[in-house]
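Below: query_0.csv (CSV, C-alpha atoms)
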chain,number,residue,atom,x,y,z
A,293,LYS,CA,-9.5,80.2,43.2
A,294,ILE,CA,-9.5,80.6,47.0
A,295,THR,CA,-9.5,84.3,46.9
A,296,LYS,CA,-12.4,84.4,44.4
A,297,LYS,CA,-14.4,82.1,46.7
A,298,TYR,CA,-13.6,84.3,49.6
A,299,LEU,CA,-14.7,87.4,47.8
A,300,GLY,CA,-17.9,85.7,46.8
A,301,PHE,CA,-18.4,84.9,50.5
A,302,VAL,CA,-17.8,88.6,51.3
A,303,LEU,CA,-20.2,89.8,48.6
A,304,VAL,CA,-23.2,87.7,49.6
A,305,GLY,CA,-22.4,87.9,53.4
A,306,ASN,CA,-23.4,91.4,54.1
A,307,ALA,CA,-26.3,91.2,51.7
A,308,SER,CA,-27.7,88.4,53.9
A,309,TYR,CA,-26.9,90.2,57.1
A,310,ASN,CA,-28.3,93.5,55.9
A,311,SER,CA,-31.5,91.9,54.5
A,312,ILE,CA,-32.4,91.7,58.2
A,313,ASN,CA,-30.3,94.2,60.0
A,314,GLY,CA,-30.0,96.9,57.3
A,315,LEU,CA,-33.0,98.7,58.6
A,316,LEU,CA,-33.2,97.2,62.0
A,317,ILE,CA,-34.6,100.2,63.8
A,318,LEU,CA,-37.4,100.4,61.3
A,319,LEU,CA,-38.0,96.6,61.5
A,320,LEU,CA,-38.1,96.7,65.3
A,321,THR,CA,-40.4,99.8,65.5
A,322,THR,CA,-42.9,99.2,62.7
A,323,ASN,CA,-43.1,95.4,62.8
A,324,LEU,CA,-42.2,94.2,66.3
A,325,GLY,CA,-43.7,97.0,68.4
A,326,PHE,CA,-40.6,98.6,69.9
A,327,THR,CA,-40.5,102.3,70.6
A,328,ALA,CA,-37.8,104.3,68.9
A,329,SER,CA,-35.7,104.6,72.0
A,330,GLY,CA,-36.3,100.9,72.9
A,331,ALA,CA,-35.2,99.8,69.5
A,332,SER,CA,-32.0,102.0,69.7
A,333,ASN,CA,-31.2,100.7,73.2
A,334,PHE,CA,-31.9,97.1,72.1
A,335,LYS,CA,-29.5,97.5,69.1
A,336,LEU,CA,-26.8,99.1,71.3
A,337,ILE,CA,-27.0,96.4,74.0
A,338,LEU,CA,-26.9,93.6,71.4
A,339,GLY,CA,-23.9,95.2,69.8
A,340,ILE,CA,-22.0,95.3,73.1
A,341,ILE,CA,-23.0,91.8,73.9
A,342,ALA,CA,-21.9,90.7,70.4
A,343,VAL,CA,-18.4,92.0,71.1
A,344,ILE,CA,-18.3,90.1,74.4
A,345,VAL,CA,-19.5,86.9,72.8
A,346,ALA,CA,-16.9,87.3,70.0
A,347,THR,CA,-14.2,87.7,72.6
A,348,LEU,CA,-15.3,84.6,74.5
A,349,ILE,CA,-15.5,82.6,71.3
A,350,LEU,CA,-12.0,83.7,70.3
A,351,LYS,CA,-10.6,82.8,73.7
A,352,LYS,CA,-12.5,79.7,74.7
A,353,PHE,CA,-15.0,78.4,72.1
A,354,THR,CA,-13.3,77.9,68.8
A,355,PHE,CA,-13.3,74.4,67.6
A,356,LYS,CA,-10.3,72.8,65.8
A,357,ASN,CA,-12.6,71.9,62.9
A,358,ASN,CA,-13.4,75.2,61.1
A,359,TYR,CA,-16.4,73.6,59.4
A,360,ILE,CA,-18.1,73.4,62.8
A,361,ASN,CA,-17.1,77.0,63.6
A,362,LEU,CA,-18.6,78.3,60.3
A,363,SER,CA,-21.7,76.1,60.8
A,364,ILE,CA,-22.4,77.6,64.2
A,365,LYS,CA,-22.5,81.1,62.7
A,366,PHE,CA,-23.9,80.6,59.3
A,367,VAL,CA,-25.9,77.3,59.2
A,368,GLY,CA,-27.5,78.4,62.5
A,369,ARG,CA,-28.6,81.6,60.8
A,370,LEU,CA,-30.0,79.8,57.8
A,371,LEU,CA,-32.1,77.5,60.0
A,372,LEU,CA,-33.5,80.5,61.9
A,373,TYR,CA,-34.2,82.4,58.7
A,374,ILE,CA,-36.2,79.5,57.3
A,375,LEU,CA,-38.0,79.0,60.7
A,376,SER,CA,-38.8,82.7,60.7
A,377,PHE,CA,-40.3,82.7,57.3
A,378,LEU,CA,-42.3,79.5,57.8
A,379,THR,CA,-43.8,80.5,61.2
A,380,ASN,CA,-44.2,84.2,60.5
A,381,ASN,CA,-44.0,84.6,64.3
A,382,LYS,CA,-42.7,87.8,65.9
A,383,ILE,CA,-41.0,86.0,68.8
A,384,ILE,CA,-39.1,83.8,66.3
A,385,PHE,CA,-38.2,87.0,64.4
A,386,LEU,CA,-36.8,88.5,67.5
A,387,ILE,CA,-34.9,85.3,68.4
A,388,THR,CA,-33.4,85.2,64.9
A,389,ILE,CA,-32.4,88.9,65.1
A,390,ILE,CA,-30.7,88.3,68.5
A,391,TYR,CA,-28.8,85.3,67.2
A,392,VAL,CA,-27.6,87.0,64.1
A,393,ARG,CA,-26.5,90.1,66.1
A,394,LEU,CA,-24.8,88.1,68.8
A,395,PHE,CA,-22.8,86.0,66.4
A,396,SER,CA,-22.2,88.9,63.9
A,397,GLU,CA,-18.7,89.6,65.2
A,398,SER,CA,-17.8,85.9,66.1
A,399,TYR,CA,-15.6,83.6,64.1
A,400,SER,CA,-14.1,86.3,61.9
A,401,HIS,CA,-10.7,84.8,62.8
A,402,VAL,CA,-11.9,81.7,60.9
A,403,SER,CA,-14.0,83.3,58.2
A,404,ASP,CA,-11.8,86.2,57.2
A,405,ALA,CA,-8.3,86.1,58.7
A,406,PRO,CA,-7.0,83.0,56.9
A,407,TYR,CA,-7.8,84.5,53.5
A,408,VAL,CA,-6.2,87.9,54.2
A,409,ASN,CA,-3.2,86.2,55.7
A,410,ARG,CA,-2.5,84.4,52.5
A,411,PHE,CA,-1.2,87.7,51.1
A,412,SER,CA,2.2,89.2,51.8
A,413,ALA,CA,2.3,92.1,54.3
A,414,ASP,CA,2.7,94.5,51.3
A,415,GLU,CA,-0.4,93.2,49.6
A,416,GLN,CA,-2.7,92.8,52.6
A,417,LEU,CA,-3.8,96.5,52.8
A,418,ALA,CA,-4.7,96.5,49.1
A,419,PHE,CA,-6.7,93.3,49.5
A,420,CYS,CA,-8.5,94.5,52.6
A,421,ASN,CA,-9.4,97.7,50.8
A,422,PHE,CA,-10.7,95.7,47.9
A,423,SER,CA,-12.6,93.4,50.2
A,424,GLU,CA,-14.2,96.5,52.0
A,425,MET,CA,-15.3,97.9,48.6
A,426,ILE,CA,-17.1,94.6,48.0
A,427,ASN,CA,-18.5,94.8,51.6
A,428,TYR,CA,-20.0,98.2,50.8
A,429,LEU,CA,-21.7,96.9,47.7
A,430,SER,CA,-23.0,94.0,49.6
A,431,LYS,CA,-24.4,96.2,52.3
A,432,ALA,CA,-26.2,98.3,49.7
A,433,ILE,CA,-27.7,95.2,48.1
A,434,GLY,CA,-28.8,93.9,51.5
A,435,ASN,CA,-30.4,97.3,52.5
A,436,LEU,CA,-32.2,97.4,49.2
A,437,CYS,CA,-33.6,93.9,49.7
A,438,CYS,CA,-34.5,94.8,53.3
A,439,GLY,CA,-36.5,97.8,52.1
A,440,ILE,CA,-38.3,95.8,49.4
A,441,ALA,CA,-39.1,93.0,51.8
A,442,LEU,CA,-40.4,95.3,54.4
A,443,SER,CA,-43.0,96.6,51.9
A,444,LEU,CA,-44.0,93.0,51.2
A,445,GLY,CA,-44.1,91.8,54.8
A,446,THR,CA,-41.4,91.1,57.4
A,447,ARG,CA,-41.3,87.4,56.8
A,448,TYR,CA,-39.9,88.2,53.3
A,449,ASN,CA,-36.8,89.7,54.8
A,450,PHE,CA,-35.9,86.2,55.9
A,451,VAL,CA,-36.4,84.9,52.4
A,452,PHE,CA,-33.8,87.3,51.0
A,453,ALA,CA,-31.5,86.6,54.0
A,454,ALA,CA,-31.9,82.8,53.5
A,455,PHE,CA,-31.1,83.1,49.8
A,456,PHE,CA,-27.9,85.1,50.4
A,457,ILE,CA,-26.7,83.0,53.3
A,458,THR,CA,-27.2,79.8,51.3
A,459,LEU,CA,-24.7,81.3,48.8
A,460,GLN,CA,-22.5,82.5,51.6
A,461,ILE,CA,-22.3,79.0,53.1
A,462,TYR,CA,-21.5,77.6,49.7
A,463,PHE,CA,-18.6,80.1,49.2
A,464,ALA,CA,-17.4,79.7,52.8
A,465,PHE,CA,-17.2,75.9,52.8
A,466,ASN,CA,-15.7,75.9,49.3
A,467,ALA,CA,-13.0,78.4,50.2
A,468,LEU,CA,-12.3,76.5,53.4
A,469,HIS,CA,-12.0,73.3,51.4
A,470,LEU,CA,-9.6,74.9,48.9
A,471,LEU,CA,-7.6,76.5,51.7
A,472,ASN,CA,-7.2,73.1,53.5
A,473,GLU,CA,-6.1,71.5,50.2
A,474,GLU,CA,-3.5,74.3,49.8
A,475,LYS,CA,-2.3,73.7,53.4
A,476,ARG,CA,-2.1,69.9,52.8
A,477,ALA,CA,0.0,70.5,49.6
A,478,ASN,CA,2.3,72.8,51.6
A,479,GLY,CA,2.6,70.2,54.4
A,480,GLU,CA,1.0,72.6,56.9
A,481,LEU,CA,-2.1,70.3,57.5
A,482,VAL,CA,-2.1,66.6,58.0

Hey, can you dump this file as structure tokens for me?
Amino acid sequence: KITKKYLGFVLVGNASYNSINGLLILLLTTNLGFTASGASNFKLILGIIAVIVATLILKKFTFKNNYINLSIKFVGRLLLYILSFLTNNKIIFLITIIYVRLFSESYSHVSDAPYVNRFSADEQLAFCNFSEMINYLSKAIGNLCCGIALSLGTRYNFVFAAFFITLQIYFAFNALHLLNEEKRANGELV
């Protein structure tokens, strides 16, 4: 059950992320007024900062309660997606994109590692490969939704993203609950 919930989390996760970031350069240039080189530099700089943020979070800003950790990353995204759709404001769009990119690498030690580590060392590679196959499918779904939404209007990218992230939050919290129950049954969690 835990693995199925985690794989559901993986499936909808990249669909949500790529509904916004799948065609980020196109979104930045056609809808937010960036030049092609400005959009490329923006994406590159955000990627570098995201790695720094993830490192800081791993070292200093991980809470003991994983529900809080997941909420910072995913519930924060959901709220910004909804705000972006409702306001249809380019500045809010940009803030949302920055938030999503900055926290894209963060908290993977909470959202992914516990589920991979449940498997024995011999099975982890196979599970990671299977998870990556689901990731690729998820990215393709997100890119498709991103392209469809761009033809409707930028704000609709955030509708697709909000839909998928709502499912992702459900799967993440459900998997975490089941994982905590398993740890309690094994005496690892009090």

### Task
Identify the residues within 10 Å of coordinate (-40.0, 91.4, 52.5) (same frame as the file), considering all atoms listed in the file, and give the answer as a PyMOL selection string.
chain A and resi 311-312+377+437-453

### Message
Can you pull out the residues contacting Leu372 of chain A? Cut-off 9 Å, using all atoms listed in the file, and skip same-chain residues under 4 positions away; I want them as a PyMOL selection string.
### Response
chain A and resi 367-368+376-377+384-385+387-388+391+450+454

### Exercise: Val408 of chain A partners within 10 Å, all atoms listed in the file, chain neighbours under 5 positions left out, as a PyMOL selection string
chain A and resi 295+298+403+413+415-417+419-420+423

Output the selection as a compact mmCIF listing (two decimals), keeping the file's coordinate frame - C-alpha atoms for each residue.
# COMPACT_ATOMS: atom_id res chain seq x y z
CA THR A 295 -9.50 84.30 46.90
CA TYR A 298 -13.60 84.30 49.60
CA SER A 403 -14.00 83.30 58.20
CA ALA A 413 2.30 92.10 54.30
CA GLU A 415 -0.40 93.20 49.60
CA GLN A 416 -2.70 92.80 52.60
CA LEU A 417 -3.80 96.50 52.80
CA PHE A 419 -6.70 93.30 49.50
CA CYS A 420 -8.50 94.50 52.60
CA SER A 423 -12.60 93.40 50.20

### Message
Excluding Phe395 of chain A and its own-chain neighbours fewer than 3 positions away, which residues fall within 8 Å of it when counting all atoms listed in the file? Please give them as JSON, numbers by chain.
### Response
{"A": [342, 345, 346, 365, 391, 392, 398, 399]}

### Task
Report the distance between atom CA of Gly314 of chain A and atom CA of Asn435 of chain A in Å, rounded to one decimal place.
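Value for the atom CA of Gly314 of chain A-atom CA of Asn435 of chain A distance: 4.8 Å.
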
Can you pull segment 356-370 of chain A out of that block with all heavy atoms and hand it back as a compact mmCIF listing (two decimals), in the first residue's frame?
# COMPACT_ATOMS: atom_id res chain seq x y z
N LYS A 356 11.23 18.14 12.33
CA LYS A 356 11.05 16.76 12.76
C LYS A 356 9.72 16.20 12.28
O LYS A 356 9.59 15.00 12.10
CB LYS A 356 11.16 16.65 14.27
CG LYS A 356 12.56 16.89 14.76
CD LYS A 356 12.70 16.65 16.23
CE LYS A 356 14.13 17.01 16.63
NZ LYS A 356 14.61 16.31 17.76
N ASN A 357 8.76 17.06 12.08
CA ASN A 357 7.45 16.65 11.59
C ASN A 357 7.45 16.71 10.06
O ASN A 357 7.49 17.80 9.47
CB ASN A 357 6.37 17.56 12.17
CG ASN A 357 4.98 17.15 11.80
OD1 ASN A 357 4.75 16.52 10.77
ND2 ASN A 357 4.03 17.52 12.64
N ASN A 358 7.40 15.56 9.42
CA ASN A 358 7.47 15.53 7.95
C ASN A 358 6.23 16.09 7.28
O ASN A 358 6.27 16.46 6.11
CB ASN A 358 7.77 14.12 7.47
CG ASN A 358 9.21 13.76 7.71
OD1 ASN A 358 10.08 14.63 7.80
ND2 ASN A 358 9.49 12.48 7.83
N TYR A 359 5.11 16.16 7.99
CA TYR A 359 3.93 16.81 7.43
C TYR A 359 4.21 18.30 7.18
O TYR A 359 3.76 18.85 6.19
CB TYR A 359 2.72 16.64 8.36
CG TYR A 359 2.21 15.22 8.41
CD1 TYR A 359 2.49 14.40 9.49
CD2 TYR A 359 1.43 14.71 7.37
CE1 TYR A 359 2.03 13.09 9.53
CE2 TYR A 359 0.96 13.40 7.40
CZ TYR A 359 1.27 12.60 8.49
OH TYR A 359 0.80 11.31 8.52
N ILE A 360 4.97 18.91 8.07
CA ILE A 360 5.35 20.32 7.89
C ILE A 360 6.29 20.45 6.70
O ILE A 360 6.13 21.33 5.86
CB ILE A 360 6.00 20.88 9.17
CG1 ILE A 360 4.98 20.93 10.30
CG2 ILE A 360 6.61 22.26 8.92
CD1 ILE A 360 5.57 21.29 11.66
N ASN A 361 7.26 19.55 6.62
CA ASN A 361 8.22 19.60 5.50
C ASN A 361 7.50 19.48 4.16
O ASN A 361 7.77 20.24 3.22
CB ASN A 361 9.25 18.48 5.64
CG ASN A 361 10.11 18.65 6.86
OD1 ASN A 361 10.52 19.75 7.20
ND2 ASN A 361 10.40 17.56 7.55
N LEU A 362 6.60 18.52 4.06
CA LEU A 362 5.86 18.33 2.81
C LEU A 362 4.94 19.51 2.53
O LEU A 362 4.77 19.91 1.38
CB LEU A 362 5.05 17.03 2.86
CG LEU A 362 5.88 15.75 2.87
CD1 LEU A 362 4.98 14.54 3.05
CD2 LEU A 362 6.71 15.61 1.61
N SER A 363 4.36 20.09 3.58
CA SER A 363 3.46 21.23 3.39
C SER A 363 4.20 22.44 2.85
O SER A 363 3.67 23.16 1.99
CB SER A 363 2.78 21.59 4.71
OG SER A 363 1.91 20.56 5.11
N ILE A 364 5.41 22.67 3.33
CA ILE A 364 6.19 23.81 2.83
C ILE A 364 6.36 23.71 1.32
O ILE A 364 6.18 24.67 0.58
CB ILE A 364 7.56 23.89 3.54
CG1 ILE A 364 7.36 24.29 4.99
CG2 ILE A 364 8.49 24.88 2.82
CD1 ILE A 364 8.61 24.15 5.84
N LYS A 365 6.69 22.52 0.87
CA LYS A 365 6.95 22.34 -0.56
C LYS A 365 5.67 22.27 -1.39
O LYS A 365 5.54 22.98 -2.38
CB LYS A 365 7.77 21.06 -0.77
CG LYS A 365 8.16 20.82 -2.22
CD LYS A 365 9.11 19.67 -2.35
CE LYS A 365 9.55 19.47 -3.78
NZ LYS A 365 10.59 18.46 -3.91
N PHE A 366 4.72 21.46 -0.97
CA PHE A 366 3.58 21.17 -1.83
C PHE A 366 2.35 22.03 -1.54
O PHE A 366 1.70 22.49 -2.48
CB PHE A 366 3.24 19.69 -1.76
CG PHE A 366 4.37 18.82 -2.21
CD1 PHE A 366 5.00 17.95 -1.35
CD2 PHE A 366 4.84 18.89 -3.51
CE1 PHE A 366 6.05 17.16 -1.77
CE2 PHE A 366 5.90 18.12 -3.95
CZ PHE A 366 6.51 17.24 -3.07
N VAL A 367 2.00 22.25 -0.30
CA VAL A 367 0.84 23.09 0.00
C VAL A 367 1.14 24.54 -0.39
O VAL A 367 0.27 25.24 -0.91
CB VAL A 367 0.40 22.95 1.48
CG1 VAL A 367 -0.74 23.90 1.80
CG2 VAL A 367 -0.01 21.51 1.79
N GLY A 368 2.39 24.96 -0.18
CA GLY A 368 2.80 26.30 -0.63
C GLY A 368 2.60 26.45 -2.13
O GLY A 368 2.11 27.48 -2.60
N ARG A 369 2.96 25.43 -2.88
CA ARG A 369 2.75 25.46 -4.33
C ARG A 369 1.27 25.57 -4.67
O ARG A 369 0.87 26.36 -5.52
CB ARG A 369 3.28 24.19 -4.99
CG ARG A 369 4.75 24.12 -5.18
CD ARG A 369 5.09 22.86 -5.94
NE ARG A 369 6.51 22.63 -5.95
CZ ARG A 369 7.09 21.59 -6.55
NH1 ARG A 369 6.36 20.69 -7.17
NH2 ARG A 369 8.40 21.45 -6.51
N LEU A 370 0.46 24.74 -4.02
CA LEU A 370 -0.97 24.72 -4.31
C LEU A 370 -1.58 26.11 -4.08
O LEU A 370 -2.33 26.61 -4.92
CB LEU A 370 -1.69 23.68 -3.45
CG LEU A 370 -3.22 23.64 -3.59
CD1 LEU A 370 -3.64 23.33 -5.02
CD2 LEU A 370 -3.82 22.63 -2.62
